[in-house]
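So the structure is just underneath, and the comments pick up after that.
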Amino acid sequence: MLESTVYPGVTKGIVKPILEKSSGMKCGADFKIGYSPERINPGDDAHRIGNITKIVSGMDEETTEVLSEYTIWSLLLFKTKDIQTAEAAKVMRISRGSEHRIDE
């Protein structure tokens, strides 16, 4: 599972080919991929690990379920329909945060 801040398409379009090339394995047959946006904002005491929604998505429903089982630290879990939706959720959060800072 890639857990980072990336733009939509990075997990499947960039990370997957790198993993396949470097490992000699095939995604889907030998390994699966998933994405979860980075949600912790260091220094933000109002939004800590226990009270933020963790977004998880895999390349298929089975992968999403497996990754959800590994996400035990968050009480709030949201499974997206695909990896690109999870990646876009992070971009939207960043955009919303930037908008609020501009207004202030």
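Every chain in the structure tokens takes a letter, A first, then B, and so on in the order presented; its residues are numbered from 1, and the ligands are numbered from 1 following the presented order.
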
Report task. Determine which residues of segment 1-77 of chain A receive a DSSP assignment of strand (DSSP E or B), computed from the backbone, and state them as a VMD selection string. Result -> chain A and resid 2 27 31 34 to 35 53 to 58 76 to 77

Query raised in the report: Contacts of segment 1-17 of chain A at 9 Å or less, counting only C-alpha atoms, minus same-chain residues fewer than 5 places along, as an NGL selection string?
Result: :A and (22 or 27 or 32-39 or 56-59 or 67 or 83-88 or 90-91)

Report task. Please identify which residues in chain A DSSP calls alpha helix (DSSP H) from the backbone, and express them as a PyMOL selection string. Result -> chain A and resi 10+16-23+61-70+83-103

Report summary line: Between A:Met92, A:Val66, A:Ile49, A:Ile55, smallest distance to Lys79 of chain A by only C-alpha atoms belongs to A:Ile55

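Minimum distance to Glu65 of chain A across A:Ala89, A:Met25, A:Leu77, A:Ile52 (counting only C-alpha atoms) occurs at A:Leu77.
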
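Our summary of the geometry notes that atom CA of Tyr70 of chain A is positioned 15.0 Å from atom CA of Gly50 of chain A.
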
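Closest approach to Leu76 of chain A from the set A:Glu62, A:Gly24, A:Ala46, A:Lys54 is made by A:Lys54, with distances taken over only C-alpha atoms.
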
Requested in this report: For atom CA of Asn41 of chain A and atom CA of Thr64 of chain A, determine how far apart the two atoms are, in Å to one decimal place.
Outcome: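 Atom-to-atom, atom CA of Asn41 of chain A to atom CA of Thr64 of chain A, that is 23.8 Å.
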